[in-house]
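Here is the file protein-v1.cif (mmCIF, C-alpha atoms and all ligand atoms).
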```
data_run
#
loop_
_atom_site.label_atom_id
_atom_site.label_comp_id
_atom_site.auth_asym_id
_atom_site.auth_seq_id
_atom_site.Cartn_x
_atom_site.Cartn_y
_atom_site.Cartn_z
CA MET A 1 3.08 59.11 -41.56
CA ASP A 2 -0.48 59.33 -40.25
CA CYS A 3 -2.90 58.63 -43.07
CA LYS A 4 -5.88 58.11 -40.81
CA PRO A 5 -7.26 61.68 -41.01
CA TYR A 6 -7.29 61.60 -44.83
CA ILE A 7 -8.94 58.17 -44.91
CA ARG A 8 -11.59 59.11 -42.35
CA ALA A 9 -12.28 62.42 -44.12
CA HIS A 10 -12.82 60.57 -47.42
CA GLN A 11 -15.04 57.85 -45.98
CA ASP A 12 -18.15 58.79 -47.98
CA GLU A 13 -16.23 59.06 -51.23
CA LEU A 14 -14.52 55.72 -50.58
CA LEU A 15 -17.86 54.02 -49.92
CA ALA A 16 -19.50 55.56 -52.98
CA SER A 17 -16.58 54.40 -55.15
CA LEU A 18 -16.83 50.88 -53.77
CA ALA A 19 -20.62 50.77 -54.20
CA ALA A 20 -20.21 51.76 -57.86
CA LEU A 21 -17.81 48.84 -58.41
CA ILE A 22 -20.07 46.37 -56.57
CA ARG A 23 -22.90 47.37 -58.94
CA ILE A 24 -20.87 45.93 -61.83
CA PRO A 25 -21.56 42.15 -61.81
CA SER A 26 -18.00 41.27 -62.78
CA ILE A 27 -18.45 37.50 -63.03
CA GLU A 28 -16.43 35.80 -65.76
CA GLY A 29 -18.34 36.05 -69.04
CA THR A 30 -18.03 35.14 -72.68
CA PRO A 31 -14.76 36.35 -74.20
CA GLU A 32 -15.12 39.19 -76.69
CA PRO A 33 -12.62 41.33 -78.56
CA GLY A 34 -11.16 43.67 -75.94
CA ALA A 35 -12.65 41.67 -73.06
CA PRO A 36 -10.96 38.26 -72.75
CA TYR A 37 -12.82 37.35 -69.55
CA GLY A 38 -16.13 38.89 -70.59
CA ARG A 39 -17.56 42.38 -70.69
CA GLU A 40 -18.29 42.99 -67.00
CA PRO A 41 -14.84 42.24 -65.54
CA ARG A 42 -13.39 44.53 -68.23
CA ARG A 43 -15.90 47.28 -67.36
CA CYS A 44 -15.04 46.95 -63.68
CA LEU A 45 -11.34 47.33 -64.50
CA ALA A 46 -12.06 50.47 -66.53
CA GLU A 47 -14.12 51.98 -63.68
CA THR A 48 -11.43 51.17 -61.13
CA LEU A 49 -8.69 52.78 -63.21
CA ALA A 50 -10.90 55.82 -63.82
CA LEU A 51 -11.17 56.18 -60.04
CA CYS A 52 -7.37 55.99 -59.74
CA GLU A 53 -7.00 58.67 -62.42
CA ARG A 54 -9.43 60.96 -60.58
CA LEU A 55 -7.22 60.60 -57.51
CA GLY A 56 -4.19 61.59 -59.57
CA LEU A 57 -2.61 58.13 -59.97
CA LYS A 58 -1.28 57.06 -63.36
CA THR A 59 -2.75 53.90 -64.79
CA THR A 60 -1.93 51.15 -67.29
CA VAL A 61 -3.94 48.28 -68.79
CA MET A 62 -2.24 45.13 -70.06
CA ASP A 63 -4.08 43.35 -72.86
CA ASP A 64 -7.48 44.03 -71.25
CA ARG A 65 -6.66 41.37 -68.63
CA ILE A 66 -5.09 43.20 -65.75
CA GLY A 67 -4.41 46.83 -64.92
CA TRP A 68 -2.61 48.90 -62.36
CA CYS A 69 -2.04 52.33 -60.96
CA GLU A 70 1.33 53.51 -59.85
CA TYR A 71 2.82 56.20 -57.64
CA GLY A 72 6.34 57.42 -57.03
CA GLU A 73 9.71 56.91 -58.66
CA GLY A 74 12.46 54.35 -58.23
CA GLU A 75 14.16 51.40 -59.84
CA GLN A 76 12.21 48.85 -57.83
CA MET A 77 8.55 48.41 -57.15
CA VAL A 78 6.37 47.19 -54.28
CA ALA A 79 2.86 45.95 -55.00
CA VAL A 80 -0.59 45.23 -53.66
CA LEU A 81 -2.33 42.44 -55.56
CA CYS A 82 -6.13 42.76 -55.74
CA HIS A 83 -8.81 41.33 -57.99
CA LEU A 84 -12.02 42.81 -59.35
CA ASP A 85 -13.79 39.71 -60.65
CA VAL A 86 -16.32 37.98 -58.41
CA VAL A 87 -17.99 34.60 -58.07
CA PRO A 88 -21.70 34.35 -59.01
CA ALA A 89 -24.15 35.71 -56.44
CA GLY A 90 -25.83 32.36 -55.76
CA GLU A 91 -29.20 32.07 -54.01
CA ASP A 92 -30.75 33.16 -50.74
CA TRP A 93 -29.55 36.72 -50.25
CA LYS A 94 -31.65 38.02 -47.37
CA LEU A 95 -30.10 41.26 -46.14
CA ALA A 96 -29.47 43.03 -49.45
CA GLU A 97 -29.42 42.57 -53.21
CA PRO A 98 -26.12 41.02 -54.33
CA PHE A 99 -25.13 43.75 -56.80
CA SER A 100 -26.59 46.72 -54.92
CA GLY A 101 -23.63 48.09 -52.97
CA GLU A 102 -26.23 49.02 -50.38
CA ILE A 103 -24.90 50.83 -47.31
CA LYS A 104 -26.80 50.29 -44.07
CA ASP A 105 -26.25 49.32 -40.44
CA GLY A 106 -22.56 50.21 -40.63
CA ARG A 107 -21.94 47.84 -43.50
CA ILE A 108 -21.61 47.85 -47.26
CA TYR A 109 -23.29 44.87 -48.88
CA GLY A 110 -22.78 43.03 -52.14
CA ARG A 111 -20.84 40.38 -53.98
CA GLY A 112 -17.23 41.49 -53.95
CA ALA A 113 -17.59 43.81 -50.93
CA MET A 114 -14.94 41.79 -49.11
CA ASP A 115 -13.58 39.61 -51.92
CA ASP A 116 -11.92 41.61 -53.26
CA LYS A 117 -13.32 44.98 -54.36
CA GLY A 118 -13.43 46.34 -50.81
CA PRO A 119 -9.71 45.71 -50.25
CA ALA A 120 -8.95 47.08 -53.76
CA VAL A 121 -10.71 50.36 -53.02
CA ALA A 122 -9.14 50.51 -49.55
CA ALA A 123 -5.72 50.15 -51.20
CA ILE A 124 -6.52 52.94 -53.68
CA TYR A 125 -7.47 55.35 -50.89
CA ALA A 126 -4.45 54.27 -48.86
CA LEU A 127 -2.22 55.23 -51.77
CA ALA A 128 -4.14 58.47 -52.36
CA ALA A 129 -3.57 59.31 -48.68
CA LEU A 130 0.17 58.71 -48.95
CA LYS A 131 0.28 60.88 -52.05
CA GLU A 132 -1.73 63.63 -50.37
CA LYS A 133 0.69 63.56 -47.42
CA GLY A 134 3.56 64.12 -49.86
CA PHE A 135 5.20 60.75 -49.22
CA VAL A 136 8.25 60.32 -51.47
CA PRO A 137 8.88 56.57 -51.61
CA SER A 138 12.22 55.04 -52.61
CA HIS A 139 10.36 52.31 -54.51
CA ARG A 140 7.47 52.80 -56.89
CA ILE A 141 4.15 51.60 -55.48
CA ARG A 142 1.90 49.64 -57.83
CA LEU A 143 -1.64 48.49 -57.11
CA LEU A 144 -2.47 45.60 -59.43
CA PHE A 145 -6.09 44.87 -60.35
CA GLY A 146 -6.72 41.44 -61.84
CA THR A 147 -9.95 40.35 -63.49
CA ASN A 148 -9.68 36.55 -63.55
CA GLU A 149 -8.71 35.48 -60.05
CA GLU A 150 -11.77 33.43 -59.21
CA THR A 151 -11.67 31.31 -62.34
CA GLY A 152 -8.08 30.32 -62.77
CA PHE A 153 -5.54 33.16 -62.29
CA HIS A 154 -5.18 33.48 -66.07
CA ASP A 155 -4.80 37.26 -65.69
CA ILE A 156 -1.88 37.24 -63.25
CA LEU A 157 -0.20 34.35 -65.06
CA TRP A 158 -0.51 36.35 -68.28
CA TYR A 159 1.09 39.31 -66.51
CA LYS A 160 3.99 37.19 -65.34
CA GLU A 161 4.47 35.44 -68.65
CA HIS A 162 4.31 38.63 -70.70
CA GLY A 163 6.96 40.65 -68.96
CA GLY A 164 4.89 42.16 -66.13
CA GLU A 165 7.26 43.67 -63.58
CA ILE A 166 7.83 41.57 -60.46
CA PRO A 167 7.73 43.52 -57.19
CA VAL A 168 10.55 43.33 -54.67
CA MET A 169 7.90 43.00 -51.94
CA GLY A 170 4.14 43.03 -51.78
CA PHE A 171 0.95 41.56 -50.43
CA ALA A 172 -2.45 40.25 -51.51
CA PRO A 173 -5.28 41.32 -49.16
CA ASP A 174 -7.37 38.29 -49.98
CA ILE A 175 -7.48 36.00 -46.92
CA GLU A 176 -6.97 37.41 -43.44
CA TYR A 177 -4.68 39.02 -40.88
CA PRO A 178 -2.29 38.81 -39.23
CA ILE A 179 0.08 37.30 -41.82
CA ILE A 180 -0.30 34.28 -44.06
CA ASN A 181 3.35 33.33 -44.52
CA GLY A 182 2.65 30.09 -46.38
CA GLU A 183 0.13 28.80 -48.90
CA LYS A 184 -0.14 25.13 -49.76
CA GLY A 185 0.60 24.05 -53.32
CA VAL A 186 -2.51 23.60 -55.43
CA MET A 187 -3.14 21.07 -58.18
CA ASN A 188 -6.46 21.57 -59.95
CA CYS A 189 -7.04 18.76 -62.39
CA THR A 190 -9.63 16.92 -64.41
CA PHE A 191 -9.56 13.22 -65.23
CA SER A 192 -11.92 11.49 -67.67
CA ARG A 193 -12.87 7.98 -68.56
CA LYS A 194 -14.99 6.74 -71.45
CA LEU A 195 -17.47 4.02 -70.45
CA HIS A 196 -18.46 1.18 -72.76
CA GLN A 197 -21.54 -0.05 -70.97
CA THR A 198 -22.79 -3.57 -71.39
CA GLY A 199 -24.75 -5.26 -68.50
CA ALA A 200 -28.30 -4.83 -67.24
CA PHE A 201 -27.42 -1.56 -65.47
CA ARG A 202 -26.57 1.48 -67.61
CA LEU A 203 -25.58 4.85 -66.32
CA LEU A 204 -27.66 7.62 -67.94
CA ARG A 205 -26.76 10.54 -65.75
CA PHE A 206 -24.15 11.23 -63.08
CA GLU A 207 -23.45 14.72 -61.84
CA GLY A 208 -22.59 16.73 -58.78
CA GLY A 209 -20.80 19.89 -57.73
CA SER A 210 -20.22 23.14 -59.60
CA ALA A 211 -16.65 24.21 -58.82
CA PHE A 212 -13.32 22.49 -58.30
CA ASN A 213 -12.81 24.34 -55.03
CA ILE A 214 -16.07 23.44 -53.24
CA SER A 215 -17.11 20.01 -52.00
CA PRO A 216 -20.43 19.03 -53.65
CA ALA A 217 -23.52 19.38 -51.45
CA TYR A 218 -25.66 17.36 -53.86
CA ALA A 219 -25.14 14.66 -56.48
CA VAL A 220 -27.52 12.66 -58.65
CA ALA A 221 -27.35 9.60 -60.86
CA GLU A 222 -29.93 7.95 -63.09
CA LEU A 223 -29.66 4.39 -64.29
CA ALA A 224 -31.55 2.23 -66.72
CA CYS A 225 -32.02 -0.99 -64.75
CA PRO A 226 -34.54 -3.57 -63.49
CA PRO A 227 -37.16 -2.04 -61.13
CA GLU A 228 -36.08 -4.21 -58.17
CA ALA A 229 -32.81 -2.22 -58.03
CA ALA A 230 -34.71 0.45 -56.08
CA SER A 231 -34.64 -1.74 -52.97
CA MET A 232 -30.94 -2.64 -53.25
CA ILE A 233 -29.47 0.61 -51.97
CA HIS A 234 -29.41 1.40 -48.28
CA ALA A 235 -27.34 4.35 -47.18
CA PRO A 236 -27.89 7.41 -45.00
CA LYS A 237 -28.44 10.72 -46.83
CA VAL A 238 -29.16 8.81 -50.05
CA THR A 239 -32.59 8.73 -51.70
CA VAL A 240 -33.65 6.26 -54.38
CA THR A 241 -36.66 7.01 -56.59
CA PRO A 242 -38.09 4.71 -59.28
CA ILE A 243 -38.23 6.39 -62.70
CA GLU A 244 -39.39 5.01 -66.02
CA GLY A 245 -37.12 2.09 -66.94
CA GLY A 246 -34.83 2.54 -63.96
CA ILE A 247 -33.97 4.51 -60.85
CA ARG A 248 -32.77 7.92 -59.74
CA VAL A 249 -30.30 8.03 -56.87
CA GLU A 250 -29.63 11.29 -55.05
CA ALA A 251 -27.03 11.94 -52.38
CA GLU A 252 -26.70 14.84 -49.99
CA GLY A 253 -23.45 16.32 -48.79
CA ILE A 254 -22.18 19.46 -47.12
CA ALA A 255 -20.45 22.17 -49.14
CA SER A 256 -17.09 23.32 -47.89
CA HIS A 257 -14.13 25.12 -49.40
CA ALA A 258 -11.49 22.82 -50.93
CA SER A 259 -8.90 24.14 -48.48
CA VAL A 260 -10.91 22.55 -45.63
CA PRO A 261 -12.76 19.62 -47.24
CA GLU A 262 -12.85 17.81 -43.89
CA LEU A 263 -15.50 20.33 -42.80
CA GLY A 264 -17.76 19.18 -45.63
CA GLU A 265 -19.20 15.91 -46.87
CA ASN A 266 -18.70 14.92 -50.47
CA ALA A 267 -22.04 14.11 -52.11
CA VAL A 268 -20.37 12.65 -55.21
CA GLY A 269 -18.32 10.22 -53.15
CA ARG A 270 -21.41 9.28 -51.15
CA LEU A 271 -23.37 8.70 -54.36
CA ALA A 272 -20.65 6.44 -55.77
CA MET A 273 -20.56 4.40 -52.55
CA ALA A 274 -24.33 3.94 -52.77
CA LEU A 275 -24.18 2.85 -56.42
CA ALA A 276 -21.47 0.35 -55.51
CA GLN A 277 -24.18 -1.61 -53.65
CA LEU A 278 -25.79 -2.48 -57.01
CA PRO A 279 -24.82 -5.63 -58.97
CA LEU A 280 -23.16 -3.59 -61.73
CA GLU A 281 -21.13 -5.26 -64.46
CA GLY A 282 -18.22 -4.54 -66.78
CA GLU A 283 -16.68 -1.10 -67.11
CA LEU A 284 -19.46 0.60 -65.17
CA ALA A 285 -18.77 -1.70 -62.20
CA ASP A 286 -15.03 -0.97 -62.44
CA CYS A 287 -15.55 2.73 -62.65
CA ILE A 288 -17.98 2.96 -59.72
CA ALA A 289 -15.74 0.67 -57.65
CA PHE A 290 -12.82 3.00 -58.36
CA LEU A 291 -14.83 6.05 -57.37
CA SER A 292 -16.19 4.55 -54.18
CA GLU A 293 -13.00 2.81 -53.03
CA ARG A 294 -10.26 5.20 -54.12
CA ILE A 295 -12.12 8.45 -53.47
CA GLY A 296 -15.37 7.92 -51.55
CA MET A 297 -15.58 10.42 -48.71
CA GLU A 298 -11.82 10.76 -48.30
CA THR A 299 -10.34 14.24 -47.88
CA ARG A 300 -6.63 13.44 -47.59
CA GLY A 301 -5.97 11.27 -50.62
CA GLU A 302 -5.25 8.23 -48.43
CA SER A 303 -6.19 5.67 -51.08
CA PHE A 304 -3.93 7.33 -53.64
CA GLY A 305 -1.04 7.07 -51.19
CA ILE A 306 -0.61 10.83 -51.07
CA ALA A 307 -1.72 11.53 -47.49
CA MET A 308 1.05 13.70 -46.03
CA ARG A 309 1.38 16.55 -43.58
CA ASP A 310 3.82 19.00 -42.07
CA GLU A 311 3.94 21.07 -38.91
CA LEU A 312 3.79 24.37 -40.77
CA SER A 313 0.60 23.83 -42.73
CA GLY A 314 -1.06 20.55 -41.74
CA ASP A 315 -2.50 17.87 -44.01
CA LEU A 316 -2.62 17.49 -47.74
CA THR A 317 -6.27 18.04 -48.68
CA PHE A 318 -8.14 16.27 -51.42
CA ASN A 319 -11.41 17.62 -52.81
CA LEU A 320 -13.43 16.07 -55.61
CA GLY A 321 -15.34 19.17 -56.70
CA VAL A 322 -17.22 18.30 -59.87
CA ALA A 323 -18.42 15.10 -61.52
CA ALA A 324 -20.06 15.09 -64.94
CA PHE A 325 -21.17 12.38 -67.32
CA ALA A 326 -21.61 13.29 -70.98
CA GLU A 327 -21.27 11.35 -74.22
CA GLU A 328 -20.51 8.20 -72.26
CA ALA A 329 -17.52 9.79 -70.55
CA LEU A 330 -17.25 10.42 -66.84
CA SER A 331 -15.09 13.37 -65.85
CA LEU A 332 -13.92 14.28 -62.36
CA THR A 333 -12.47 17.65 -61.40
CA LEU A 334 -10.51 17.96 -58.21
CA SER A 335 -8.40 20.31 -56.19
CA VAL A 336 -5.54 18.78 -54.22
CA ARG A 337 -3.49 21.01 -51.88
CA TYR A 338 -0.16 19.78 -50.55
CA PRO A 339 1.72 21.07 -47.48
CA VAL A 340 4.16 23.98 -47.84
CA SER A 341 7.29 21.91 -47.18
CA LYS A 342 6.32 19.22 -49.70
CA THR A 343 6.55 19.29 -53.49
CA TYR A 344 4.53 18.57 -56.57
CA ASP A 345 6.78 15.58 -57.29
CA GLU A 346 5.86 14.00 -53.99
CA ALA A 347 2.14 14.11 -54.77
CA TYR A 348 1.29 14.37 -58.42
CA PRO A 349 2.88 11.21 -59.90
CA LYS A 350 0.99 9.02 -57.42
CA LEU A 351 -2.27 10.82 -58.11
CA LEU A 352 -1.81 10.42 -61.85
CA ARG A 353 -0.87 6.77 -61.48
CA GLY A 354 -3.94 6.10 -59.33
CA PHE A 355 -6.26 7.59 -61.92
CA SER A 356 -4.46 5.77 -64.76
CA LEU A 357 -4.96 2.47 -62.99
CA GLY A 358 -8.65 3.37 -62.73
CA GLY A 359 -8.80 3.83 -66.51
CA PHE A 360 -8.84 7.65 -66.40
CA THR A 361 -6.74 10.06 -68.41
CA GLU A 362 -5.81 13.60 -67.44
CA THR A 363 -7.66 16.21 -69.51
CA ALA A 364 -6.77 19.41 -67.61
CA MET A 365 -4.15 20.31 -65.06
CA GLN A 366 -3.07 23.52 -63.37
CA HIS A 367 -0.39 23.60 -60.72
CA LEU A 368 0.44 26.51 -58.44
CA ALA A 369 3.46 25.71 -56.30
CA ALA A 370 3.42 26.14 -52.53
CA ILE A 371 4.95 29.28 -51.07
CA TYR A 372 6.53 29.84 -47.69
CA PHE A 373 8.25 32.83 -46.06
CA PRO A 374 10.26 32.06 -42.94
CA PRO A 375 9.56 34.28 -39.92
CA GLU A 376 12.90 36.07 -40.30
CA SER A 377 12.27 37.15 -43.91
CA GLU A 378 12.23 40.88 -44.52
CA LEU A 379 8.66 40.96 -45.81
CA VAL A 380 7.30 39.06 -42.79
CA GLN A 381 9.30 41.24 -40.41
CA LYS A 382 8.06 44.48 -41.95
CA LEU A 383 4.42 43.45 -42.14
CA SER A 384 4.59 42.13 -38.57
CA ARG A 385 5.84 45.51 -37.34
CA VAL A 386 3.07 47.30 -39.20
CA TYR A 387 0.38 44.95 -37.94
CA GLU A 388 1.50 45.18 -34.34
CA ALA A 389 1.75 48.98 -34.47
CA GLN A 390 -1.73 49.28 -36.02
CA THR A 391 -3.58 46.81 -33.80
CA GLY A 392 -1.51 46.49 -30.64
CA GLN A 393 -1.73 42.73 -31.08
CA LYS A 394 0.85 40.09 -31.85
CA ALA A 395 1.35 39.33 -35.54
CA VAL A 396 0.86 35.57 -35.45
CA LEU A 397 2.03 33.77 -38.60
CA ARG A 398 -0.08 31.11 -40.21
CA ALA A 399 0.13 28.91 -43.30
CA THR A 400 -3.09 27.99 -45.09
CA GLY A 401 -4.66 25.90 -47.81
CA GLY A 402 -6.15 29.06 -49.30
CA SER A 403 -4.82 30.44 -52.52
CA THR A 404 -4.10 34.00 -53.55
CA TYR A 405 -2.21 35.82 -56.29
CA ALA A 406 0.77 35.60 -53.92
CA LYS A 407 1.31 32.10 -55.30
CA SER A 408 1.93 33.42 -58.79
CA ILE A 409 3.93 36.58 -58.06
CA PRO A 410 7.27 36.12 -56.27
CA ASN A 411 8.05 38.10 -53.09
CA THR A 412 4.40 38.51 -52.07
CA LEU A 413 2.17 36.96 -49.41
CA ALA A 414 -1.43 37.26 -48.21
CA PHE A 415 -2.14 40.00 -45.66
CA GLY A 416 -5.75 40.92 -44.71
CA PRO A 417 -8.55 41.83 -45.13
CA LEU A 418 -10.27 39.94 -42.27
CA PHE A 419 -9.19 40.79 -38.76
CA PRO A 420 -9.12 38.06 -36.11
CA GLY A 421 -12.71 37.41 -35.03
CA ASP A 422 -14.30 38.86 -38.18
CA ILE A 423 -16.93 36.68 -39.78
CA SER A 424 -16.29 35.78 -43.40
CA HIS A 425 -19.10 35.88 -45.93
CA ILE A 426 -16.74 35.39 -48.82
CA HIS A 427 -18.39 33.40 -51.64
CA GLN A 428 -21.55 33.14 -49.52
CA GLN A 429 -24.87 34.93 -49.48
CA ASP A 430 -25.09 38.39 -47.86
CA GLU A 431 -21.42 39.19 -48.41
CA TYR A 432 -20.61 42.51 -46.75
CA MET A 433 -17.83 44.51 -45.23
CA GLU A 434 -18.15 46.55 -42.07
CA ILE A 435 -17.41 50.19 -42.85
CA GLU A 436 -15.05 50.34 -39.87
CA GLN A 437 -13.28 47.22 -41.11
CA LEU A 438 -12.89 48.77 -44.56
CA LEU A 439 -11.35 51.94 -43.11
CA ARG A 440 -9.05 49.98 -40.81
CA ASN A 441 -7.87 48.06 -43.87
CA ALA A 442 -7.15 51.31 -45.71
CA GLU A 443 -5.14 52.50 -42.70
CA MET A 444 -3.27 49.20 -42.49
CA PHE A 445 -2.45 49.28 -46.23
CA ALA A 446 -1.19 52.87 -46.00
CA ALA A 447 1.08 51.93 -43.10
CA ALA A 448 2.27 48.77 -44.89
CA LEU A 449 2.98 50.56 -48.17
CA TYR A 450 4.87 53.24 -46.29
CA GLU A 451 6.97 50.59 -44.54
CA LEU A 452 7.68 48.57 -47.70
CA ALA A 453 8.36 51.50 -50.03
CA ARG A 454 10.14 54.10 -47.87
ZN ZN B 501 -10.48 36.82 -53.54
#
```

Encoded form (structure tokens):
Amino acid sequence: MDCKPYIRAHQDELLASLAALIRIPSIEGTPEPGAPYGREPRRCLAETLALCERLGLKTTVMDDRIGWCEYGEGEQMVAVLCHLDVVPAGEDWKLAEPFSGEIKDGRIYGRGAMDDKGPAVAAIYALAALKEKGFVPSHRIRLLFGTNEETGFHDILWYKEHGGEIPVMGFAPDIEYPIINGEKGVMNCTFSRKLHQTGAFRLLRFEGGSAFNISPAYAVAELACPPEAASMIHAPKVTVTPIEGGIRVEAEGIASHASVPELGENAVGRLAMALAQLPLEGELADCIAFLSERIGMETRGESFGIAMRDELSGDLTFNLGVAAFAEEALSLTLSVRYPVSKTYDEAYPKLLRGFSLGGFTETAMQHLAAIYFPPESELVQKLSRVYEAQTGQKAVLRATGGSTYAKSIPNTLAFGPLFPGDISHIHQQDEYMEIEQLLRNAEMFAAALYELAR
């Protein structure tokens, strides 16, 4: 079934629809009645479903958290899992305004263009094309639109826990092509420790990082201490400044996604290692020693005894994402991702024990188990055929430390939207999607939905 002519003929409409969604700054906001993740994600969901209705697709909203459109009849259902919420714009946009949806130079710009509003709109037009061609699927086709992917998957977990129908097959266009047949298990957790400070050095401030899934590029501490402390720290990428009654210590790092922390440098770990050069005493000394010796700049959890790897997906990764010190308590938020053939039980107890020995208690924990589809599985086989027919290239399988909705919905894996060689601006400044890339995604989705649902 050739959906290309329909998709190409509706290019302008598709782009205008996407631009309208990009103009909604659907970052998680304050919960309100009827908008559990804030007003803007809810508004974006309403706009998206209105678009589906205009294209003749029936829609449903579940508890203002997640919605979907559906086409066709049948006992069973196949799904595309997309999300409409976005991460904050951040600084330094140079080529366009982040919530403009501006179309120029063969691209559409804006936060969400690629992650994940572009793929969502491509999926909608793919389904509209199939409908227009009179496709009669044997399974219903459902496009799911979540609104809380970036900040914890609470939407899709709600769906699963409240009777949301599980597809027999499906995909999440939220990483890249060809096919992501495995995702590492993810443990996002926070540990805290109260400090009873005695000695001549007192910690006043300690902070770094803004998200569990990014390695901190900057961290800062302030201590009340004797003025001579300023000359006691010597470390590269660390700056010490005298302040009234003490010192300020700042460390630089390199931000990187938690799935590849080895590409970054952890500013919090570096800061702790610098502070460990001071003659600290009591609980503060213990706590800083723990931070510098058990975590430091490590990215594989070596000092917790959880370094492990497999052939399919590589190393366990360890990312300390956020450190905060408030009301005399230090809290650390991390994201640990274990290989696809390993289990939670092989990693978590040792991590917990390590933090307990350091005087920390767990205050938050979310686990998403690893997923893996062997090459011979039906879903991998079907998507491989589609990919190879559409691109003329081999559908290479790859497992990753990235995380998509596929982790929380059985029988689904990540497929698209980046083609090999495409540059990703996901979560960065100047996010955009090439118009051609958007249309090729719509064509790929139409072909994939046809294959999965026929
Ligand atoms: Zn995404």

Looking at only C-alpha atoms and all ligand atoms, which of A:Pro173, A:Pro178, A:Pro36, A:Gly208 is the one that sits closest to ligand ZN 501 (chain B)?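 Counting only C-alpha atoms and all ligand atoms, the residue closest to ligand ZN 501 (chain B) is A:Pro173.
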
Centre and size of axis-aligned box enclosing range 69-74 of chain A plus 6 Å each side, as AutoDock Vina command-line options:
```
--center_x 5.2 --center_y 54.9 --center_z -59.0 --size_x 26.5 --size_y 17.1 --size_z 15.9
```

Counting all atoms listed in the file, closest pick from A:Cys189, A:Leu143, A:Ala35, A:Ala453 relative to Gln366 in chain A is A:Cys189

Per-residue nearest contacts of chain A to ligand ZN 501 (chain B) (9 Å; only C-alpha atoms and all ligand atoms) as JSON lines:
```
{"residue": "A:Cys82", "atom": "CA", "partner": "B:ZN501", "partner_atom": "ZN", "distance": 7.7}
{"residue": "A:His83", "atom": "CA", "partner": "B:ZN501", "partner_atom": "ZN", "distance": 6.6}
{"residue": "A:Leu84", "atom": "CA", "partner": "B:ZN501", "partner_atom": "ZN", "distance": 8.5}
{"residue": "A:Asp85", "atom": "CA", "partner": "B:ZN501", "partner_atom": "ZN", "distance": 8.4}
{"residue": "A:Val86", "atom": "CA", "partner": "B:ZN501", "partner_atom": "ZN", "distance": 7.7}
{"residue": "A:Gly112", "atom": "CA", "partner": "B:ZN501", "partner_atom": "ZN", "distance": 8.2}
{"residue": "A:Met114", "atom": "CA", "partner": "B:ZN501", "partner_atom": "ZN", "distance": 8.0}
{"residue": "A:Asp115", "atom": "CA", "partner": "B:ZN501", "partner_atom": "ZN", "distance": 4.5}
{"residue": "A:Asp116", "atom": "CA", "partner": "B:ZN501", "partner_atom": "ZN", "distance": 5.0}
{"residue": "A:Lys117", "atom": "CA", "partner": "B:ZN501", "partner_atom": "ZN", "distance": 8.7}
{"residue": "A:Glu149", "atom": "CA", "partner": "B:ZN501", "partner_atom": "ZN", "distance": 6.9}
{"residue": "A:Glu150", "atom": "CA", "partner": "B:ZN501", "partner_atom": "ZN", "distance": 6.7}
{"residue": "A:Ala172", "atom": "CA", "partner": "B:ZN501", "partner_atom": "ZN", "distance": 9.0}
{"residue": "A:Pro173", "atom": "CA", "partner": "B:ZN501", "partner_atom": "ZN", "distance": 8.2}
{"residue": "A:Asp174", "atom": "CA", "partner": "B:ZN501", "partner_atom": "ZN", "distance": 5.0}
{"residue": "A:Ile175", "atom": "CA", "partner": "B:ZN501", "partner_atom": "ZN", "distance": 7.3}
{"residue": "A:Ser403", "atom": "CA", "partner": "B:ZN501", "partner_atom": "ZN", "distance": 8.6}
{"residue": "A:Thr404", "atom": "CA", "partner": "B:ZN501", "partner_atom": "ZN", "distance": 7.0}
{"residue": "A:Tyr405", "atom": "CA", "partner": "B:ZN501", "partner_atom": "ZN", "distance": 8.8}
{"residue": "A:Ile426", "atom": "CA", "partner": "B:ZN501", "partner_atom": "ZN", "distance": 8.0}
{"residue": "A:His427", "atom": "CA", "partner": "B:ZN501", "partner_atom": "ZN", "distance": 8.8}
```

Identify which of the residues A:Trp93, A:Tyr344, A:Tyr37, A:Tyr218 lies closest to Thr147 in chain A, counting all atoms listed in the file when measuring atom-to-atom distances.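 Checking each of A:Trp93, A:Tyr344, A:Tyr37, A:Tyr218 against Thr147 in chain A, counting all atoms listed in the file, the winner is A:Tyr37.
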
Residues near range 285-290 of chain A, anyone? I mean within 7 Å using all atoms listed in the file, not counting same-chain ones fewer than 3 positions away, as a PyMOL selection string. chain A and resi 272+276+280-282+293-294+358

Contacts of range 175-197 of chain A with range 415-425 of chain A up to 6 Å, shortest pair per row, all atoms listed in the file, as a Markdown table:
```
| residue | atom | partner | partner_atom | distance |
| --- | --- | --- | --- | --- |
| A:Ile175 | CA | A:Gly416 | CA | 5.7 |
| A:Glu176 | CA | A:Gly416 | CA | 3.9 |
| A:Tyr177 | CA | A:Gly416 | CA | 4.4 |
| A:Ile179 | CA | A:Phe415 | CA | 5.2 |
```

Give one line per residue of range 190-229 of chain A that approaches range 152-162 of chain A to at most 12 Å, naming the two atoms of the closest pair and their distance in Å to one decimal, counting all atoms listed in the file; sort by chain then ascending residue number and deliver it as a Markdown table.
```
| residue | atom | partner | partner_atom | distance |
| --- | --- | --- | --- | --- |
| A:Ala211 | CA | A:Gly152 | CA | 11.2 |
| A:Phe212 | CA | A:Gly152 | CA | 10.4 |
| A:Asn213 | CA | A:Gly152 | CA | 10.9 |
```

Grab the CA of Cys69 in chain A to CA of Leu144 in chain A distance for me, in Å with one decimal place.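 Rounded to one decimal, the two atoms are 6.9 Å apart.
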
Counting only C-alpha atoms, give me one row per residue of range 88-187 of chain A with an atom at most 7 Å from an atom of range 393-400 of chain A, showing the shortest contact pair and its distance in Å to one decimal, sorted by chain then residue number, as a tab-separated table.
```
residue	atom	partner	partner_atom	distance
A:Pro178	CA	A:Ala395	CA	5.2
A:Ile179	CA	A:Leu397	CA	5.2
A:Ile180	CA	A:Arg398	CA	5.0
A:Asn181	CA	A:Ala399	CA	5.6
A:Gly182	CA	A:Ala399	CA	4.2
A:Glu183	CA	A:Thr400	CA	5.1
A:Lys184	CA	A:Thr400	CA	6.2
```
